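A short worksheet on the structure shown next.
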Amino acid sequence: MLEVRDLHASYGKVEVLQGVSLDVADGEIVGLLGRNGVGKTTTLKAIMGLVRASAGRATFDGVDLTGLAAHRVPAHGIGYVPQGRGIFPNLSVEENLFLGLRSEPSAQQRALIFDRFPQLQERLAQKGGTLSGGEQQQLAIARCLVMQPKLLILDEPTEGIMPILIREIRSEIRKINKTGVSILLVEQNLVTAFKICSVIYLMEKGAIVHRSSAADLKTQPDVIHRYLGMAA
Amino acid sequence: MDLVIALALNGLVWGLIIALIALGLSIIFGLLDIINLAHGDFFMVGTVLTWFVLEATGNYWLAFLIVPLLGFLLGALVERSVIQPIRGMAALSIVATFGLSIIIQEVVRAGYGAAPKRILPPIEGTIPLFGIEYDYYRIFAAAVSVIAIFVFFAFLHRTKLGTWMRAVRFDRDTALAMGVPARTVYMVTFALGFSMAALGGAVAAPITTVDFQTGVDVLPFCFMAVIIGGLGNLPGTVAAAVLLAVTEGVVTSFTDPTVARIVSLCLMSAVLIARPHGLFTGATR
């Protein structure tokens with residue numbers, strides 16, 4: 001489904017991505033883990049076309065994403081929830097939700113969202129910036145689901161969320177995955193990654209340094225310590 | 001006293017026209033980070049195009065349709081050829097738009113001529129207002145400006161394109177990731193800014209001189225309105241434009257226009273010292 005091959009990207013003269021390669025297959029939940037500043041978010045942005053790749057390719061169902069204008073990427077079936085959720089605080093919940101649609105949302109699109117996130121329906125007129133962190137995360141995910149993506153890219157969805165709500169977000173990600181949506185997840189919370197990911201990639205200095213199933217990685221505390229600096 | 005009322009009313013009318021022009025300046029700055037030194041010339045182009053429409057058709061009212069439309073097309077052309085290549089480089093925008101200002105003025109001087117001309121108001125007569133006889137046309141000009149400002153805010157808050165403009169202004173990358181065509185939004189925003197200034201020119205043409213340098217006087221006034229209203233604060237820009245123009249109008253009735261402009265500049269300086277984020281924003285220094 002998603003194939004990233006030898007992806008390079010730079011900010012000015014600093015080469016942040018130095019040949020990232022990873023795959024997300026149909027129906028998989030794939031985790032991308034690493035310390036701060038190793039290039040996880042830049043990898044996601046390069047896939048989305050928000051950072052220009054200087055070399056390498058990212059293809060999705062055979063379409064070369066690296067050659068596309070960023071605003072055309074979602075139309076190919078990729079939803080992106082950025083780090084910090086990317087809610088527009090000056091827009092209403094409704095405007096946030098349906099921002100990417102060219103026309104008015106259909107009854108089916110509304111039902112798809114409000115059946116899953118009924119509390120958003122009660123807050124449609126409210127400004128996005130007035131929602132709690134958990135509600136904003138729901139809105140950010142719902143905003144992508146409106147576009148009916150085949151792949152959902154989530155950048156640290158549990159960051160800044162109350163621990164009690166993290167379980168709900170994990171459960172929501174699993175439910176979305178069960179509807180056939182693949183997930184690429186950047187996560188600092190190792191527990192979340194182990195609980196929901198089938199495959200985990202570890203990044204270091206702008207490149208993938210380890211790939212294994214979540215179950216295998218659990219049994220390699222030295223790898224976890226070396227690349228993540230924490231105990232499993 | 002009659003003079004004070006007349007000049008205050010003139011100030012109010014002029015303030016509403018300036019508000020229309022300054023809104024364009026404010027959205028261009030707020031969304032594109034462009035300090036547009038050619039914005040006064042967009043207004044001047046509106047007055048000159050109005051003169052040409054009147055010359056060609058003999059119908060002043062057609063200018064209200066044709067001039068904003070031509071302004072929009074010219075704005076789209078300028079955005080693609082001058083602004084788009086320097087997007088993200090705010091300092092360069094000053095040089096580029098200063099150059100654009102000179103080019104526009106010289107093109108107009110070559111095509112229209114250097115001699116100032118006047119357009120007679122299409123509505124003649126006066127109406128009693130606050131104890132004085134006041135021109136019908138000026139009331140009409142104020143009404144058109146108010147309607148145009150309301151239409152602009154309705155566009156910004158009630159249409160998909162307006163929502164996209166507010167989204168891109170806040171976070172371009174996330175908007176792109178949601179499928180919003182940011183480049184098109186930039187172009188439409190700049191074109192809209194040009195169009196609003198040109199409409200301001202069409203409205204103001206019968207109450208000002210039609211001259212290739214008319215924009216030079218208008219530009220500082222627009223910048224003062226944007227700064228006093230708060231950068232990017234659109235309702236604040238409207239309020240500041242009206243406040244400034246009425247203040248200048250009233251002061252002019254007691255002294256000469258130069259002193260009135262000095263008073264405006266003092267007012268702006270005081271606002272910058274006391275409330276650097278603008279008179280109509282929450283933050284203070």
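Convention: chains lettered A, B, ... in structure tokens order; per-chain residue numbering from 1; ligands numbered from 1 as shown.
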Which residues of chain B have any atom within 8 Å of an atom in chain A when counting only C-alpha atoms, and what is the closest pair of atoms for each, with the distance in Å to one decimal? Order the rows by chain and rising number and write it as CSV.
```
residue,atom,partner,partner_atom,distance
B:Lys160,CA,A:Arg102,CA,7.8
B:Thr163,CA,A:Glu95,CA,7.1
B:Trp164,CA,A:Leu99,CA,7.3
B:Arg166,CA,A:Leu91,CA,7.6
B:Ala167,CA,A:Phe88,CA,6.5
B:Phe170,CA,A:Phe88,CA,6.9
B:Asp171,CA,A:Phe88,CA,7.5
B:Asp173,CA,A:Leu50,CA,6.5
B:Thr174,CA,A:Gly86,CA,6.0
B:Leu176,CA,A:His71,CA,4.7
B:Ala177,CA,A:His71,CA,5.9
B:Met178,CA,A:Gly100,CA,5.0
B:Gly179,CA,A:His71,CA,4.2
B:Val180,CA,A:His71,CA,5.6
B:Pro181,CA,A:His71,CA,5.5
B:Ala182,CA,A:His71,CA,7.6
```
Open item on the list: Report as an NGL selection string all protein, DNA and RNA residues lying within 8 Å of B:Ala239, evaluated on only C-alpha atoms, omitting residues in the same chain fewer than 4 positions from it.
Closed with: :B and (19 or 229 or 235 or 243)
Can I get the selected residues back with N, CA and C atoms, as a PDB file, in the first residue's frame?
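What landed in result-v6.pdb:
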```
ATOM      1  N   ALA B  19     -11.707  52.074   4.845  1.00  0.00           N
ATOM      2  CA  ALA B  19     -11.870  50.769   5.513  1.00  0.00           C
ATOM      3  C   ALA B  19     -11.941  49.655   4.471  1.00  0.00           C
ATOM      4  N   GLY B 229      -5.806  49.348  14.123  1.00  0.00           N
ATOM      5  CA  GLY B 229      -6.826  48.295  14.304  1.00  0.00           C
ATOM      6  C   GLY B 229      -6.240  46.996  14.813  1.00  0.00           C
ATOM      7  N   PRO B 235     -12.106  43.462  11.752  1.00  0.00           N
ATOM      8  CA  PRO B 235     -13.073  44.445  12.273  1.00  0.00           C
ATOM      9  C   PRO B 235     -12.352  45.649  12.886  1.00  0.00           C
ATOM     10  N   LEU B 243     -12.410  55.804  12.652  1.00  0.00           N
ATOM     11  CA  LEU B 243     -11.964  56.665  13.749  1.00  0.00           C
ATOM     12  C   LEU B 243     -10.944  57.700  13.255  1.00  0.00           C
TER      13      LEU B 243
END
```
| request: Determine which residues of stretch 11-232 of chain A DSSP labels as strand (DSSP E or B) from the backbone of this structure, then write them out as a ChimeraX atom specification. | output: /A:11,14-24,29-34,53-60,63-64,78-81,92,127,151-155,182-186,199-204,207-213
From atom CA of B:Leu9 to atom CA of B:Tyr134 the spacing works out at 8.6 Å
Selection near stretch 20-29 of chain B, 7 Å with only C-alpha atoms, sequence-local residues under 4 positions removed, as a ChimeraX atom specification | /B:16,33-36,39,145,149,189-190,192-194,196-197,200,222,225-226,231-232,234,237
Would you mind exporting the chosen residues as a PDB file, in the first residue's frame, restricted to N, CA and C atoms?
```pdb
ATOM      1  N   LEU B  16     -15.041  55.120   5.679  1.00  0.00           N
ATOM      2  CA  LEU B  16     -15.651  53.863   5.226  1.00  0.00           C
ATOM      3  C   LEU B  16     -15.022  53.386   3.924  1.00  0.00           C
ATOM      4  N   ASP B  33       1.767  37.557   4.344  1.00  0.00           N
ATOM      5  CA  ASP B  33       2.927  38.233   4.940  1.00  0.00           C
ATOM      6  C   ASP B  33       3.566  39.212   3.966  1.00  0.00           C
ATOM      7  N   ILE B  34       2.736  39.840   3.153  1.00  0.00           N
ATOM      8  CA  ILE B  34       3.239  40.798   2.171  1.00  0.00           C
ATOM      9  C   ILE B  34       2.942  42.212   2.666  1.00  0.00           C
ATOM     10  N   ILE B  35       3.996  43.003   2.797  1.00  0.00           N
ATOM     11  CA  ILE B  35       3.808  44.420   3.129  1.00  0.00           C
ATOM     12  C   ILE B  35       3.666  45.131   1.788  1.00  0.00           C
ATOM     13  N   ASN B  36       2.427  45.395   1.427  1.00  0.00           N
ATOM     14  CA  ASN B  36       2.122  45.795   0.047  1.00  0.00           C
ATOM     15  C   ASN B  36       2.171  47.314  -0.140  1.00  0.00           C
ATOM     16  N   HIS B  39      -0.434  49.025  -2.596  1.00  0.00           N
ATOM     17  CA  HIS B  39      -1.882  48.928  -2.386  1.00  0.00           C
ATOM     18  C   HIS B  39      -2.602  50.244  -2.713  1.00  0.00           C
ATOM     19  N   SER B 145     -19.896  51.395   0.439  1.00  0.00           N
ATOM     20  CA  SER B 145     -18.744  50.893   1.203  1.00  0.00           C
ATOM     21  C   SER B 145     -19.199  49.955   2.316  1.00  0.00           C
ATOM     22  N   ILE B 149     -18.314  46.041   2.636  1.00  0.00           N
ATOM     23  CA  ILE B 149     -17.629  45.502   3.829  1.00  0.00           C
ATOM     24  C   ILE B 149     -18.422  44.321   4.392  1.00  0.00           C
ATOM     25  N   THR B 189      -6.854  35.575  -2.529  1.00  0.00           N
ATOM     26  CA  THR B 189      -6.767  36.597  -1.485  1.00  0.00           C
ATOM     27  C   THR B 189      -6.159  37.885  -2.032  1.00  0.00           C
ATOM     28  N   PHE B 190      -5.049  37.738  -2.754  1.00  0.00           N
ATOM     29  CA  PHE B 190      -4.402  38.937  -3.295  1.00  0.00           C
ATOM     30  C   PHE B 190      -5.325  39.624  -4.305  1.00  0.00           C
ATOM     31  N   LEU B 192      -8.534  39.475  -4.420  1.00  0.00           N
ATOM     32  CA  LEU B 192      -9.648  40.091  -3.685  1.00  0.00           C
ATOM     33  C   LEU B 192      -9.209  41.431  -3.091  1.00  0.00           C
ATOM     34  N   GLY B 193      -7.981  41.457  -2.548  1.00  0.00           N
ATOM     35  CA  GLY B 193      -7.446  42.707  -1.989  1.00  0.00           C
ATOM     36  C   GLY B 193      -7.374  43.794  -3.051  1.00  0.00           C
ATOM     37  N   PHE B 194      -6.896  43.434  -4.240  1.00  0.00           N
ATOM     38  CA  PHE B 194      -6.812  44.389  -5.358  1.00  0.00           C
ATOM     39  C   PHE B 194      -8.219  44.841  -5.738  1.00  0.00           C
ATOM     40  N   MET B 196     -10.970  44.912  -3.969  1.00  0.00           N
ATOM     41  CA  MET B 196     -11.601  45.796  -2.975  1.00  0.00           C
ATOM     42  C   MET B 196     -11.039  47.211  -3.074  1.00  0.00           C
ATOM     43  N   ALA B 197      -9.705  47.308  -3.278  1.00  0.00           N
ATOM     44  CA  ALA B 197      -9.101  48.636  -3.440  1.00  0.00           C
ATOM     45  C   ALA B 197      -9.633  49.304  -4.706  1.00  0.00           C
ATOM     46  N   GLY B 200     -13.033  50.534  -4.104  1.00  0.00           N
ATOM     47  CA  GLY B 200     -12.889  51.781  -3.343  1.00  0.00           C
ATOM     48  C   GLY B 200     -12.591  52.934  -4.283  1.00  0.00           C
ATOM     49  N   CYS B 222      -4.142  53.913   4.946  1.00  0.00           N
ATOM     50  CA  CYS B 222      -4.528  52.495   5.063  1.00  0.00           C
ATOM     51  C   CYS B 222      -3.617  51.782   6.071  1.00  0.00           C
ATOM     52  N   ALA B 225      -4.573  52.653   9.545  1.00  0.00           N
ATOM     53  CA  ALA B 225      -5.798  51.946   9.963  1.00  0.00           C
ATOM     54  C   ALA B 225      -5.475  50.499  10.341  1.00  0.00           C
ATOM     55  N   VAL B 226      -4.629  49.847   9.527  1.00  0.00           N
ATOM     56  CA  VAL B 226      -4.286  48.438   9.796  1.00  0.00           C
ATOM     57  C   VAL B 226      -3.501  48.324  11.105  1.00  0.00           C
ATOM     58  N   LEU B 231      -2.741  44.394  13.571  1.00  0.00           N
ATOM     59  CA  LEU B 231      -2.370  43.660  12.353  1.00  0.00           C
ATOM     60  C   LEU B 231      -3.197  42.388  12.216  1.00  0.00           C
ATOM     61  N   GLY B 232      -3.883  42.270  11.110  1.00  0.00           N
ATOM     62  CA  GLY B 232      -4.681  41.071  10.869  1.00  0.00           C
ATOM     63  C   GLY B 232      -6.053  41.101  11.532  1.00  0.00           C
ATOM     64  N   LEU B 234      -9.431  42.284  11.315  1.00  0.00           N
ATOM     65  CA  LEU B 234     -10.211  42.914  10.244  1.00  0.00           C
ATOM     66  C   LEU B 234     -11.292  43.870  10.768  1.00  0.00           C
ATOM     67  N   THR B 237      -9.578  46.942  11.867  1.00  0.00           N
ATOM     68  CA  THR B 237      -9.136  47.790  10.755  1.00  0.00           C
ATOM     69  C   THR B 237     -10.261  48.726  10.315  1.00  0.00           C
TER      70      THR B 237
END
```
Item checked: A:Ala46 surroundings by only C-alpha atoms, 8 Å radius, close-in-sequence under 5 positions cut, as a PyMOL selection string -> chain A and resi 9+51-53+66
For the residues in that selection, give me N, CA and C atoms as an mmCIF file, in the first residue's frame.
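Result went into selection35.cif, see below:
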```cif
data_model
loop_
_atom_site.group_PDB
_atom_site.id
_atom_site.type_symbol
_atom_site.label_atom_id
_atom_site.label_comp_id
_atom_site.auth_asym_id
_atom_site.auth_seq_id
_atom_site.Cartn_x
_atom_site.Cartn_y
_atom_site.Cartn_z
ATOM 1 N N ALA A 9 15.401 14.133 2.801
ATOM 2 C CA ALA A 9 14.810 15.475 2.855
ATOM 3 C C ALA A 9 15.672 16.359 3.737
ATOM 4 N N VAL A 51 7.012 18.483 3.174
ATOM 5 C CA VAL A 51 8.451 18.738 3.066
ATOM 6 C C VAL A 51 8.881 18.072 1.764
ATOM 7 N N ARG A 52 9.576 18.825 0.911
ATOM 8 C CA ARG A 52 9.966 18.275 -0.389
ATOM 9 C C ARG A 52 11.060 17.223 -0.211
ATOM 10 N N ALA A 53 10.881 16.054 -0.792
ATOM 11 C CA ALA A 53 11.925 15.028 -0.751
ATOM 12 C C ALA A 53 13.008 15.388 -1.760
ATOM 13 N N THR A 66 5.701 11.744 -4.009
ATOM 14 C CA THR A 66 6.745 12.778 -3.970
ATOM 15 C C THR A 66 6.640 13.748 -5.145
#
```
In Å, how far is it from atom CA of B:Ala142 to atom CA of B:Leu70?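 Going from atom CA of B:Ala142 over to atom CA of B:Leu70, I get 22.1 Å.
Counting only C-alpha atoms, B:Val53 has the following residues at most 12 Å away, ignoring those fewer than 3 positions along the same chain: Val45, Gly46, Thr47, Val48, Leu49, Thr50, Ala56, Thr57, Gly58, Asn59, Tyr60, Trp61, Leu62, Ala63, Phe64, Leu65, Ile66, Val67, Pro68, Leu70, Ile119, Ala202 and Ala205 of chain B.
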Check your understanding: Hey, what's within 12 Å of A:Asp216 if we count only C-alpha atoms and toss same-chain stuff fewer than 4 positions away? As number ranges by chain, please?
Key -> A: 194, 197-201, 210-212, 220-221, 223-224, 232
Only N, CA and C atoms, please: the residues just picked out, written as a short mmCIF file (atom, residue, chain, number, x, y, z; two decimals), in the first residue's frame.
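What follows is the written file part-v6.cif:
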```
data_model
loop_
_atom_site.label_atom_id
_atom_site.label_comp_id
_atom_site.auth_asym_id
_atom_site.auth_seq_id
_atom_site.Cartn_x
_atom_site.Cartn_y
_atom_site.Cartn_z
N PHE A 194 3.16 -0.76 21.54
CA PHE A 194 3.16 -2.22 21.71
C PHE A 194 1.75 -2.78 21.66
N CYS A 197 0.28 -1.74 17.59
CA CYS A 197 1.01 -1.89 16.32
C CYS A 197 1.33 -3.35 16.04
N SER A 198 1.27 -3.72 14.76
CA SER A 198 1.72 -5.06 14.40
C SER A 198 3.21 -5.02 14.02
N VAL A 199 3.63 -3.95 13.37
CA VAL A 199 5.03 -3.80 12.97
C VAL A 199 5.55 -2.48 13.53
N ILE A 200 6.81 -2.50 13.97
CA ILE A 200 7.40 -1.26 14.50
C ILE A 200 8.74 -1.00 13.82
N TYR A 201 8.90 0.24 13.37
CA TYR A 201 10.19 0.70 12.84
C TYR A 201 10.83 1.62 13.87
N HIS A 210 15.94 -0.24 12.62
CA HIS A 210 15.44 -1.53 13.10
C HIS A 210 14.00 -1.70 12.65
N ARG A 211 13.66 -2.94 12.25
CA ARG A 211 12.27 -3.25 11.92
C ARG A 211 11.96 -4.61 12.50
N SER A 212 10.85 -4.70 13.21
CA SER A 212 10.43 -6.01 13.70
C SER A 212 8.95 -5.95 14.07
N GLN A 220 13.34 -7.57 23.05
CA GLN A 220 14.70 -7.06 22.80
C GLN A 220 14.94 -5.76 23.58
N PRO A 221 15.05 -5.86 24.89
CA PRO A 221 15.20 -4.65 25.70
C PRO A 221 16.46 -3.85 25.37
N VAL A 223 17.72 -3.37 22.37
CA VAL A 223 17.40 -2.54 21.19
C VAL A 223 16.56 -1.34 21.61
N ILE A 224 15.58 -1.63 22.45
CA ILE A 224 14.70 -0.54 22.92
C ILE A 224 15.53 0.50 23.66
N ALA A 232 11.50 -1.29 28.25
CA ALA A 232 10.24 -1.74 27.68
C ALA A 232 9.17 -1.87 28.75
#
```
Worksheet item: Could you pull out all residues of stretch 52-261 of chain B with a DSSP call of helix (DSSP H, G or I) and give them as number ranges by chain?
Response: B: 52-57, 60-86, 90-112, 136-158, 160-170, 172-177, 182-207, 214-229, 234-254, 257-261
8 Å contact set for B:Thr214, only C-alpha atoms, chain neighbours under 5 positions out, as a count of residues only: 4
